[in-house]
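Q: Dropping the structure in here first, questions after.
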Amino acid sequence: MGKKQKFYVVWKGKHPGIYETWEDCKAAINGAKGAEYKSFETFDLAKKAFNGNYADFKGKKKSETELSPAEFLKIGQPNYHSISVDAASSGNPGIMEYQGVDTRTKRKLFKQGPFEQGTNNIGEFLAIVHGLAFLKERNSDRIIYTDSRTAMSWVRKKKCNTNLSQNPKNKALFDLIRRAENWLNTNSYKTPIVKWETKAWGEIPADFGRK
């Protein structure tokens, strides 16, 4: 029987991202002081972890990443009076795009990209800000779901805290980042930004389905 596939998440290292082999993971962390990384059994778990914080997964066993029946009951069902946002990036950096959909019907409400040399976290950040502007323009009281704690943190800080550097290929993307940051600093909003509970509800409705 062949060795089971694992996926390796690197939160902090020379090249943060998700890797399919230990060799690639080692190359991404070798020489990086305080590297943060962990293996996962499925790509879905790895993606969720990468969009979260290392501290939430450090030292946890597989069973501790699964929900108990009591936790399912506590979480309940999604609020369908909402929109959901997500991003996809082919590489880190790579070709990136993001979108927002109606949570119940999955009807597409907006979509941007593809952008050259973007990252998933940048896309998640831009998707939330686009969603905030979208709902404010329509005076909507819906909430926003995202599966990225990192992007939620960036929006709270009103800053896209990426380590990616601007270059001629991604100038359009960085122009959009600056517009998003400016919007956050010049607009107020009451829209709740809520973490999508992937373990309880499955993939967020705005997911691009590139597994």
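Please note that chains go A, B, ... in the order of the structure tokens, that every chain numbers its residues from 1, and that ligands are numbered from 1 in the order shown.
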I'd like to know which residues of segment 29-178 of chain A are alpha helix (DSSP H) (by DSSP, run on the backbone); could you write them as a compact mmCIF listing (two decimals) with all heavy atoms, in the first residue's frame?
A:
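Listing of states.txt after writing:
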# COMPACT_ATOMS: atom_id res chain seq x y z
N ILE A 29 11.46 26.33 4.25
CA ILE A 29 11.70 26.77 5.63
C ILE A 29 13.17 26.75 6.03
O ILE A 29 13.55 27.39 7.01
CB ILE A 29 10.92 25.89 6.64
CG1 ILE A 29 11.37 24.42 6.53
CG2 ILE A 29 9.42 26.02 6.42
CD1 ILE A 29 10.73 23.50 7.56
N PHE A 43 -6.03 18.42 1.57
CA PHE A 43 -5.79 19.78 1.08
C PHE A 43 -6.78 20.75 1.72
O PHE A 43 -6.43 21.90 2.01
CB PHE A 43 -5.92 19.83 -0.44
CG PHE A 43 -5.66 21.21 -1.01
CD1 PHE A 43 -4.37 21.66 -1.20
CD2 PHE A 43 -6.71 22.05 -1.33
CE1 PHE A 43 -4.12 22.93 -1.69
CE2 PHE A 43 -6.48 23.31 -1.83
CZ PHE A 43 -5.18 23.76 -2.01
N ASP A 44 -8.03 20.31 1.94
CA ASP A 44 -9.03 21.17 2.55
C ASP A 44 -8.58 21.64 3.93
O ASP A 44 -8.70 22.82 4.27
CB ASP A 44 -10.37 20.43 2.68
CG ASP A 44 -11.09 20.32 1.35
OD1 ASP A 44 -10.62 20.92 0.37
OD2 ASP A 44 -12.12 19.63 1.29
N LEU A 45 -8.05 20.70 4.73
CA LEU A 45 -7.55 21.07 6.06
C LEU A 45 -6.35 22.01 5.95
O LEU A 45 -6.22 22.96 6.73
CB LEU A 45 -7.17 19.82 6.84
CG LEU A 45 -8.31 18.96 7.38
CD1 LEU A 45 -7.76 17.68 8.00
CD2 LEU A 45 -9.14 19.73 8.41
N ALA A 46 -5.48 21.72 4.99
CA ALA A 46 -4.29 22.56 4.80
C ALA A 46 -4.68 23.98 4.40
O ALA A 46 -4.12 24.96 4.90
CB ALA A 46 -3.38 21.94 3.74
N LYS A 47 -5.66 24.09 3.50
CA LYS A 47 -6.10 25.42 3.06
C LYS A 47 -6.70 26.20 4.21
O LYS A 47 -6.42 27.39 4.39
CB LYS A 47 -7.12 25.29 1.93
CG LYS A 47 -7.62 26.64 1.42
CD LYS A 47 -8.72 26.47 0.39
CE LYS A 47 -9.27 27.84 0.00
NZ LYS A 47 -10.44 27.74 -0.88
N LYS A 48 -7.53 25.52 5.00
CA LYS A 48 -8.15 26.18 6.15
C LYS A 48 -7.08 26.65 7.13
O LYS A 48 -7.14 27.77 7.64
CB LYS A 48 -9.11 25.22 6.85
CG LYS A 48 -9.77 25.81 8.08
CD LYS A 48 -10.64 24.80 8.77
CE LYS A 48 -11.33 25.42 9.99
NZ LYS A 48 -10.38 25.90 10.99
N ALA A 49 -6.08 25.79 7.36
CA ALA A 49 -5.01 26.14 8.29
C ALA A 49 -4.19 27.32 7.77
O ALA A 49 -3.85 28.23 8.53
CB ALA A 49 -4.11 24.93 8.51
N PHE A 50 -3.88 27.30 6.48
CA PHE A 50 -3.07 28.37 5.89
C PHE A 50 -3.77 29.72 6.00
O PHE A 50 -3.13 30.75 6.18
CB PHE A 50 -2.78 28.04 4.43
CG PHE A 50 -1.84 29.02 3.76
CD1 PHE A 50 -0.58 29.25 4.26
CD2 PHE A 50 -2.22 29.70 2.62
CE1 PHE A 50 0.30 30.15 3.65
CE2 PHE A 50 -1.37 30.60 2.00
CZ PHE A 50 -0.11 30.83 2.51
N PRO A 69 -19.95 16.57 18.38
CA PRO A 69 -21.38 16.86 18.20
C PRO A 69 -21.83 18.10 18.95
O PRO A 69 -22.66 18.87 18.46
CB PRO A 69 -22.04 15.59 18.74
CG PRO A 69 -21.03 14.51 18.51
CD PRO A 69 -19.71 15.17 18.76
N ALA A 70 -21.30 18.31 20.15
CA ALA A 70 -21.67 19.49 20.94
C ALA A 70 -21.25 20.78 20.24
O ALA A 70 -21.97 21.79 20.26
CB ALA A 70 -21.03 19.41 22.32
N GLU A 71 -20.06 20.73 19.61
CA GLU A 71 -19.59 21.92 18.91
C GLU A 71 -20.46 22.22 17.69
O GLU A 71 -20.73 23.38 17.38
CB GLU A 71 -18.13 21.73 18.49
CG GLU A 71 -17.15 21.78 19.64
CD GLU A 71 -15.74 21.43 19.21
OE1 GLU A 71 -15.54 20.40 18.55
OE2 GLU A 71 -14.84 22.22 19.54
N PHE A 72 -20.90 21.16 16.99
CA PHE A 72 -21.81 21.35 15.86
C PHE A 72 -23.07 22.07 16.31
O PHE A 72 -23.55 23.00 15.66
CB PHE A 72 -22.19 20.00 15.24
CG PHE A 72 -21.26 19.56 14.14
CD1 PHE A 72 -20.35 18.54 14.36
CD2 PHE A 72 -21.27 20.17 12.91
CE1 PHE A 72 -19.50 18.12 13.37
CE2 PHE A 72 -20.42 19.76 11.90
CZ PHE A 72 -19.53 18.73 12.12
N LEU A 73 -23.65 21.63 17.44
CA LEU A 73 -24.87 22.24 17.94
C LEU A 73 -24.65 23.69 18.34
O LEU A 73 -25.50 24.55 18.12
CB LEU A 73 -25.39 21.43 19.14
CG LEU A 73 -25.94 20.03 18.83
CD1 LEU A 73 -26.28 19.31 20.13
CD2 LEU A 73 -27.17 20.12 17.94
N LYS A 74 -23.48 23.96 18.92
CA LYS A 74 -23.16 25.32 19.34
C LYS A 74 -23.03 26.26 18.15
O LYS A 74 -23.49 27.40 18.18
CB LYS A 74 -21.86 25.32 20.15
CG LYS A 74 -21.47 26.69 20.70
CD LYS A 74 -20.19 26.60 21.51
CE LYS A 74 -19.78 27.98 22.03
NZ LYS A 74 -18.52 27.91 22.82
N ILE A 75 -22.43 25.78 17.08
CA ILE A 75 -22.22 26.60 15.89
C ILE A 75 -23.54 26.87 15.17
O ILE A 75 -23.81 27.97 14.71
CB ILE A 75 -21.21 25.94 14.94
CG1 ILE A 75 -19.82 25.97 15.58
CG2 ILE A 75 -21.17 26.63 13.59
CD1 ILE A 75 -18.79 25.17 14.82
N ASN A 120 -3.12 34.45 -2.02
CA ASN A 120 -4.47 34.14 -1.53
C ASN A 120 -4.90 35.13 -0.45
O ASN A 120 -6.04 35.60 -0.45
CB ASN A 120 -4.50 32.72 -0.99
CG ASN A 120 -5.91 32.22 -0.77
OD1 ASN A 120 -6.64 31.97 -1.72
ND2 ASN A 120 -6.32 32.11 0.48
N ASN A 121 -4.00 35.46 0.46
CA ASN A 121 -4.36 36.39 1.54
C ASN A 121 -4.71 37.77 1.02
O ASN A 121 -5.64 38.41 1.53
CB ASN A 121 -3.22 36.49 2.56
CG ASN A 121 -3.16 35.29 3.48
OD1 ASN A 121 -4.15 34.62 3.71
ND2 ASN A 121 -1.97 35.01 4.01
N ILE A 122 -3.98 38.24 0.01
CA ILE A 122 -4.33 39.53 -0.59
C ILE A 122 -5.73 39.46 -1.19
O ILE A 122 -6.55 40.36 -1.02
CB ILE A 122 -3.30 39.93 -1.67
CG1 ILE A 122 -1.95 40.28 -1.03
CG2 ILE A 122 -3.80 41.13 -2.48
CD1 ILE A 122 -0.85 40.57 -2.02
N GLY A 123 -6.00 38.37 -1.92
CA GLY A 123 -7.30 38.21 -2.53
C GLY A 123 -8.42 38.17 -1.51
O GLY A 123 -9.49 38.78 -1.70
N GLU A 124 -8.19 37.48 -0.39
CA GLU A 124 -9.20 37.40 0.66
C GLU A 124 -9.46 38.78 1.26
O GLU A 124 -10.60 39.15 1.55
CB GLU A 124 -8.74 36.44 1.76
CG GLU A 124 -8.48 35.01 1.31
CD GLU A 124 -9.72 34.14 1.30
OE1 GLU A 124 -10.82 34.67 1.50
OE2 GLU A 124 -9.57 32.92 1.10
N PHE A 125 -8.40 39.54 1.47
CA PHE A 125 -8.52 40.91 1.99
C PHE A 125 -9.33 41.78 1.05
O PHE A 125 -10.29 42.47 1.46
CB PHE A 125 -7.12 41.50 2.21
CG PHE A 125 -7.10 42.98 2.47
CD1 PHE A 125 -7.37 43.49 3.73
CD2 PHE A 125 -6.77 43.87 1.45
CE1 PHE A 125 -7.34 44.86 3.97
CE2 PHE A 125 -6.73 45.24 1.68
CZ PHE A 125 -7.02 45.75 2.94
N LEU A 126 -8.97 41.76 -0.24
CA LEU A 126 -9.67 42.58 -1.23
C LEU A 126 -11.14 42.17 -1.36
O LEU A 126 -12.02 43.01 -1.55
CB LEU A 126 -8.98 42.48 -2.58
CG LEU A 126 -7.58 43.11 -2.67
CD1 LEU A 126 -6.96 42.81 -4.02
CD2 LEU A 126 -7.67 44.62 -2.46
N ALA A 127 -11.39 40.87 -1.25
CA ALA A 127 -12.77 40.37 -1.37
C ALA A 127 -13.64 40.91 -0.24
O ALA A 127 -14.80 41.30 -0.47
CB ALA A 127 -12.77 38.84 -1.37
N ILE A 128 -13.11 40.94 0.97
CA ILE A 128 -13.88 41.47 2.10
C ILE A 128 -14.17 42.94 1.91
O ILE A 128 -15.31 43.40 2.08
CB ILE A 128 -13.14 41.24 3.43
CG1 ILE A 128 -13.02 39.75 3.74
CG2 ILE A 128 -13.89 41.94 4.58
CD1 ILE A 128 -12.18 39.45 4.98
N VAL A 129 -13.14 43.71 1.54
CA VAL A 129 -13.35 45.15 1.37
C VAL A 129 -14.33 45.42 0.23
O VAL A 129 -15.20 46.28 0.35
CB VAL A 129 -12.01 45.87 1.10
CG1 VAL A 129 -12.24 47.37 0.91
CG2 VAL A 129 -11.04 45.64 2.25
N HIS A 130 -14.21 44.67 -0.87
CA HIS A 130 -15.16 44.81 -1.98
C HIS A 130 -16.57 44.51 -1.47
O HIS A 130 -17.52 45.22 -1.80
CB HIS A 130 -14.77 43.84 -3.11
CG HIS A 130 -15.45 44.14 -4.40
ND1 HIS A 130 -14.81 44.00 -5.62
CD2 HIS A 130 -16.72 44.54 -4.71
CE1 HIS A 130 -15.65 44.32 -6.59
NE2 HIS A 130 -16.82 44.65 -6.05
N GLY A 131 -16.70 43.45 -0.65
CA GLY A 131 -18.00 43.11 -0.10
C GLY A 131 -18.56 44.20 0.79
O GLY A 131 -19.77 44.52 0.73
N LEU A 132 -17.72 44.81 1.61
CA LEU A 132 -18.16 45.90 2.48
C LEU A 132 -18.67 47.08 1.65
O LEU A 132 -19.74 47.65 1.95
CB LEU A 132 -17.01 46.37 3.37
CG LEU A 132 -16.55 45.41 4.46
CD1 LEU A 132 -15.28 45.92 5.13
CD2 LEU A 132 -17.65 45.22 5.50
N ALA A 133 -17.92 47.44 0.61
CA ALA A 133 -18.34 48.55 -0.25
C ALA A 133 -19.63 48.20 -1.01
O ALA A 133 -20.52 49.04 -1.17
CB ALA A 133 -17.22 48.89 -1.23
N PHE A 134 -19.71 46.96 -1.46
CA PHE A 134 -20.89 46.47 -2.20
C PHE A 134 -22.15 46.59 -1.35
O PHE A 134 -23.18 47.09 -1.80
CB PHE A 134 -20.65 45.01 -2.60
CG PHE A 134 -21.79 44.36 -3.33
CD1 PHE A 134 -21.86 44.40 -4.72
CD2 PHE A 134 -22.78 43.66 -2.64
CE1 PHE A 134 -22.90 43.79 -5.40
CE2 PHE A 134 -23.82 43.05 -3.30
CZ PHE A 134 -23.89 43.12 -4.69
N LEU A 135 -22.08 46.16 -0.10
CA LEU A 135 -23.24 46.20 0.78
C LEU A 135 -23.57 47.62 1.24
O LEU A 135 -24.75 47.98 1.34
CB LEU A 135 -23.01 45.30 1.99
CG LEU A 135 -22.90 43.80 1.69
CD1 LEU A 135 -22.60 43.02 2.96
CD2 LEU A 135 -24.17 43.28 1.03
N LYS A 136 -22.56 48.43 1.48
CA LYS A 136 -22.80 49.80 1.90
C LYS A 136 -23.48 50.60 0.79
O LYS A 136 -24.41 51.38 1.04
CB LYS A 136 -21.50 50.48 2.31
CG LYS A 136 -21.73 51.91 2.81
CD LYS A 136 -20.49 52.53 3.41
CE LYS A 136 -20.82 53.92 3.96
NZ LYS A 136 -19.66 54.53 4.64
N GLU A 137 -23.03 50.39 -0.44
CA GLU A 137 -23.61 51.09 -1.59
C GLU A 137 -25.11 50.77 -1.72
O GLU A 137 -25.90 51.62 -2.14
CB GLU A 137 -22.88 50.68 -2.86
CG GLU A 137 -23.36 51.40 -4.11
CD GLU A 137 -22.59 50.96 -5.34
OE1 GLU A 137 -21.42 50.54 -5.19
OE2 GLU A 137 -23.15 51.04 -6.44
N ARG A 149 -9.05 34.10 8.60
CA ARG A 149 -8.82 34.91 9.79
C ARG A 149 -7.75 35.98 9.51
O ARG A 149 -7.79 37.08 10.07
CB ARG A 149 -8.39 34.04 10.96
CG ARG A 149 -9.46 33.09 11.47
CD ARG A 149 -9.03 32.40 12.75
NE ARG A 149 -9.97 31.37 13.14
CZ ARG A 149 -11.11 31.60 13.80
NH1 ARG A 149 -11.41 32.84 14.12
NH2 ARG A 149 -11.91 30.60 14.14
N THR A 150 -6.78 35.64 8.68
CA THR A 150 -5.73 36.61 8.35
C THR A 150 -6.33 37.84 7.69
O THR A 150 -6.03 38.98 8.07
CB THR A 150 -4.70 35.97 7.40
OG1 THR A 150 -4.06 34.88 8.07
CG2 THR A 150 -3.65 36.98 6.97
N ALA A 151 -7.20 37.64 6.71
CA ALA A 151 -7.82 38.77 6.01
C ALA A 151 -8.70 39.58 6.96
O ALA A 151 -8.75 40.81 6.88
CB ALA A 151 -8.63 38.27 4.82
N MET A 152 -9.41 38.89 7.85
CA MET A 152 -10.23 39.61 8.83
C MET A 152 -9.37 40.52 9.68
O MET A 152 -9.75 41.66 9.97
CB MET A 152 -10.98 38.60 9.71
CG MET A 152 -12.06 37.81 8.99
SD MET A 152 -12.76 36.47 10.01
CE MET A 152 -13.71 37.40 11.22
N SER A 153 -8.20 40.03 10.07
CA SER A 153 -7.28 40.83 10.88
C SER A 153 -6.78 42.04 10.10
O SER A 153 -6.71 43.15 10.64
CB SER A 153 -6.10 39.96 11.33
OG SER A 153 -5.10 40.72 11.95
N TRP A 154 -6.43 41.82 8.85
CA TRP A 154 -5.95 42.93 8.02
C TRP A 154 -7.02 44.00 7.85
O TRP A 154 -6.73 45.20 7.88
CB TRP A 154 -5.52 42.41 6.65
CG TRP A 154 -4.26 41.60 6.68
CD1 TRP A 154 -3.50 41.27 7.75
CD2 TRP A 154 -3.61 40.99 5.55
NE1 TRP A 154 -2.42 40.51 7.38
CE2 TRP A 154 -2.46 40.31 6.04
CE3 TRP A 154 -3.89 40.93 4.19
CZ2 TRP A 154 -1.60 39.62 5.20
CZ3 TRP A 154 -3.04 40.23 3.35
CH2 TRP A 154 -1.89 39.58 3.85
N VAL A 155 -8.28 43.57 7.67
CA VAL A 155 -9.36 44.54 7.50
C VAL A 155 -9.55 45.34 8.80
O VAL A 155 -9.74 46.56 8.75
CB VAL A 155 -10.67 43.83 7.10
CG1 VAL A 155 -11.86 44.80 7.17
CG2 VAL A 155 -10.55 43.26 5.69
N ARG A 156 -9.49 44.67 9.95
CA ARG A 156 -9.61 45.38 11.22
C ARG A 156 -8.52 46.44 11.37
O ARG A 156 -8.75 47.52 11.90
CB ARG A 156 -9.54 44.40 12.40
CG ARG A 156 -10.81 43.58 12.61
CD ARG A 156 -10.80 42.92 13.98
NE ARG A 156 -9.69 41.99 14.15
CZ ARG A 156 -9.73 40.71 13.84
NH1 ARG A 156 -10.84 40.19 13.33
NH2 ARG A 156 -8.69 39.92 14.04
N LYS A 157 -7.32 46.08 10.90
CA LYS A 157 -6.18 47.01 11.01
C LYS A 157 -6.15 48.02 9.87
O LYS A 157 -5.30 48.91 9.84
CB LYS A 157 -4.87 46.22 11.01
CG LYS A 157 -4.72 45.32 12.23
CD LYS A 157 -3.48 44.44 12.11
CE LYS A 157 -3.36 43.49 13.29
NZ LYS A 157 -2.21 42.56 13.14
N LYS A 171 1.57 45.72 -10.53
CA LYS A 171 1.25 47.11 -10.21
C LYS A 171 -0.27 47.33 -10.11
O LYS A 171 -0.75 48.01 -9.20
CB LYS A 171 1.82 48.06 -11.25
CG LYS A 171 1.54 49.54 -10.95
CD LYS A 171 2.07 50.45 -12.02
CE LYS A 171 1.81 51.93 -11.67
NZ LYS A 171 0.36 52.21 -11.50
N ALA A 172 -1.04 46.75 -11.03
CA ALA A 172 -2.49 46.92 -11.01
C ALA A 172 -3.08 46.37 -9.71
O ALA A 172 -4.01 46.95 -9.15
CB ALA A 172 -3.12 46.23 -12.22
N LEU A 173 -2.53 45.26 -9.25
CA LEU A 173 -3.00 44.68 -8.00
C LEU A 173 -2.69 45.59 -6.82
O LEU A 173 -3.54 45.81 -5.95
CB LEU A 173 -2.34 43.31 -7.78
CG LEU A 173 -2.68 42.59 -6.48
CD1 LEU A 173 -4.18 42.35 -6.37
CD2 LEU A 173 -1.92 41.29 -6.37
N PHE A 174 -1.49 46.15 -6.79
CA PHE A 174 -1.13 47.04 -5.68
C PHE A 174 -1.92 48.34 -5.73
O PHE A 174 -2.21 48.93 -4.69
CB PHE A 174 0.38 47.31 -5.67
CG PHE A 174 1.13 46.28 -4.87
CD1 PHE A 174 1.46 45.05 -5.43
CD2 PHE A 174 1.48 46.51 -3.55
CE1 PHE A 174 2.13 44.09 -4.69
CE2 PHE A 174 2.16 45.56 -2.81
CZ PHE A 174 2.48 44.34 -3.37
N ASP A 175 -2.27 48.80 -6.93
CA ASP A 175 -3.15 49.97 -7.04
C ASP A 175 -4.50 49.67 -6.38
O ASP A 175 -5.07 50.51 -5.68
CB ASP A 175 -3.38 50.34 -8.51
CG ASP A 175 -2.15 50.98 -9.15
OD1 ASP A 175 -1.26 51.44 -8.40
OD2 ASP A 175 -2.08 51.03 -10.39
N LEU A 176 -4.99 48.45 -6.59
CA LEU A 176 -6.27 48.05 -6.00
C LEU A 176 -6.14 47.92 -4.48
O LEU A 176 -7.06 48.28 -3.74
CB LEU A 176 -6.73 46.73 -6.61
CG LEU A 176 -8.16 46.26 -6.26
CD1 LEU A 176 -9.17 47.33 -6.66
CD2 LEU A 176 -8.46 44.95 -6.95
N ILE A 177 -5.01 47.42 -4.01
CA ILE A 177 -4.77 47.32 -2.56
C ILE A 177 -4.83 48.71 -1.93
O ILE A 177 -5.46 48.92 -0.88
CB ILE A 177 -3.42 46.66 -2.27
CG1 ILE A 177 -3.45 45.18 -2.63
CG2 ILE A 177 -3.03 46.85 -0.80
CD1 ILE A 177 -2.10 44.51 -2.57
N ARG A 178 -4.18 49.68 -2.56
CA ARG A 178 -4.18 51.04 -2.03
C ARG A 178 -5.60 51.63 -2.02
O ARG A 178 -5.99 52.34 -1.07
CB ARG A 178 -3.23 51.92 -2.83
CG ARG A 178 -1.75 51.68 -2.49
CD ARG A 178 -0.84 52.66 -3.19
NE ARG A 178 -0.65 52.31 -4.58
CZ ARG A 178 0.33 51.52 -5.03
NH1 ARG A 178 1.17 50.97 -4.16
NH2 ARG A 178 0.47 51.27 -6.31
Q: From a backbone DSSP assignment, name each residue in chain A labelled strand (DSSP E or B), as a ChimeraX atom specification.
A: /A:7-12,17-19,36-40,82-91,94-102,108-118,143-146,193-195
Q: Considering only C-alpha atoms, state which residue in the set A:Lys58, A:Lys199, A:Lys111, A:Lys190 is at the smallest distance from Ser84 of chain A.
A: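 Among the listed residues, the smallest separation from Ser84 of chain A belongs to A:Lys111.
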Q: Find the spatial neighbours of Ile143 of chain A, counting only C-alpha atoms, within a cut-off of 9 Å - ignore same-chain residues fewer than 5 positions away - and output them as a ChimeraX atom specification.
A: /A:79-84,132,135,191-194
Q: Would you put the residues from that selection into a file with N, CA and C atoms, as a PDB file, in the first residue's frame?
A:
ATOM      1  N   ASN A  79     -25.953  31.934   8.641  1.00  0.00           N
ATOM      2  CA  ASN A  79     -26.940  32.999   8.439  1.00  0.00           C
ATOM      3  C   ASN A  79     -27.010  33.270   6.942  1.00  0.00           C
ATOM      4  N   TYR A  80     -28.109  32.876   6.319  1.00  0.00           N
ATOM      5  CA  TYR A  80     -28.199  33.005   4.873  1.00  0.00           C
ATOM      6  C   TYR A  80     -28.545  34.425   4.412  1.00  0.00           C
ATOM      7  N   HIS A  81     -28.821  35.317   5.367  1.00  0.00           N
ATOM      8  CA  HIS A  81     -28.984  36.726   4.997  1.00  0.00           C
ATOM      9  C   HIS A  81     -27.581  37.329   4.960  1.00  0.00           C
ATOM     10  N   SER A  82     -26.823  36.887   3.967  1.00  0.00           N
ATOM     11  CA  SER A  82     -25.390  37.197   3.942  1.00  0.00           C
ATOM     12  C   SER A  82     -24.831  37.043   2.539  1.00  0.00           C
ATOM     13  N   ILE A  83     -23.593  37.513   2.386  1.00  0.00           N
ATOM     14  CA  ILE A  83     -22.809  37.204   1.198  1.00  0.00           C
ATOM     15  C   ILE A  83     -21.544  36.495   1.661  1.00  0.00           C
ATOM     16  N   SER A  84     -20.959  35.699   0.803  1.00  0.00           N
ATOM     17  CA  SER A  84     -19.726  34.978   1.104  1.00  0.00           C
ATOM     18  C   SER A  84     -18.656  35.381   0.103  1.00  0.00           C
ATOM     19  N   LEU A 132     -17.722  44.807   1.615  1.00  0.00           N
ATOM     20  CA  LEU A 132     -18.161  45.904   2.475  1.00  0.00           C
ATOM     21  C   LEU A 132     -18.675  47.079   1.648  1.00  0.00           C
ATOM     22  N   LEU A 135     -22.078  46.162  -0.101  1.00  0.00           N
ATOM     23  CA  LEU A 135     -23.241  46.198   0.780  1.00  0.00           C
ATOM     24  C   LEU A 135     -23.573  47.618   1.235  1.00  0.00           C
ATOM     25  N   THR A 191     -21.356  46.510   8.905  1.00  0.00           N
ATOM     26  CA  THR A 191     -21.482  45.132   8.439  1.00  0.00           C
ATOM     27  C   THR A 191     -20.622  44.183   9.273  1.00  0.00           C
ATOM     28  N   PRO A 192     -21.203  43.184   9.904  1.00  0.00           N
ATOM     29  CA  PRO A 192     -20.395  42.192  10.626  1.00  0.00           C
ATOM     30  C   PRO A 192     -19.614  41.311   9.640  1.00  0.00           C
ATOM     31  N   ILE A 193     -18.352  41.083   9.922  1.00  0.00           N
ATOM     32  CA  ILE A 193     -17.531  40.167   9.134  1.00  0.00           C
ATOM     33  C   ILE A 193     -17.354  38.912   9.979  1.00  0.00           C
ATOM     34  N   VAL A 194     -17.865  37.795   9.495  1.00  0.00           N
ATOM     35  CA  VAL A 194     -17.984  36.583  10.303  1.00  0.00           C
ATOM     36  C   VAL A 194     -17.163  35.452   9.696  1.00  0.00           C
TER      37      VAL A 194
END
Q: For Arg107 of chain A, list every protein, DNA or RNA residue within 12 Å, evaluated using only C-alpha atoms, and leave out those in the same chain fewer than 3 positions away; present the list as a list in words.
A: Ser82, Ile83, Ser84, Val85, Gln99, Gly100, Val101, Asp102, Thr103, Arg104, Phe110, Lys111, Pro205 and Ala206 of chain A
Q: With only C-alpha atoms as the atoms that count, which of A:Lys26, A:Lys6, A:His15, A:Lys169 lies nearest to Phe40 of chain A?
A: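 With only C-alpha atoms as the atom set, the closest residue is A:Lys6.
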Q: Counting only C-alpha atoms, which residue out of A:Thr146, A:Asn30, A:Glu116, A:Gly17 sits closest to Thr198 of chain A?
A: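 The shortest atom-to-atom distance to Thr198 of chain A comes from A:Thr146.
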Q: Nearest to Glu197 of chain A among A:Asn139, A:Ser165, A:Gln77, A:Asn182, with distances taken over only C-alpha atoms: which residue is it?
A: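 Distance minimum relative to Glu197 of chain A lands on A:Gln77.
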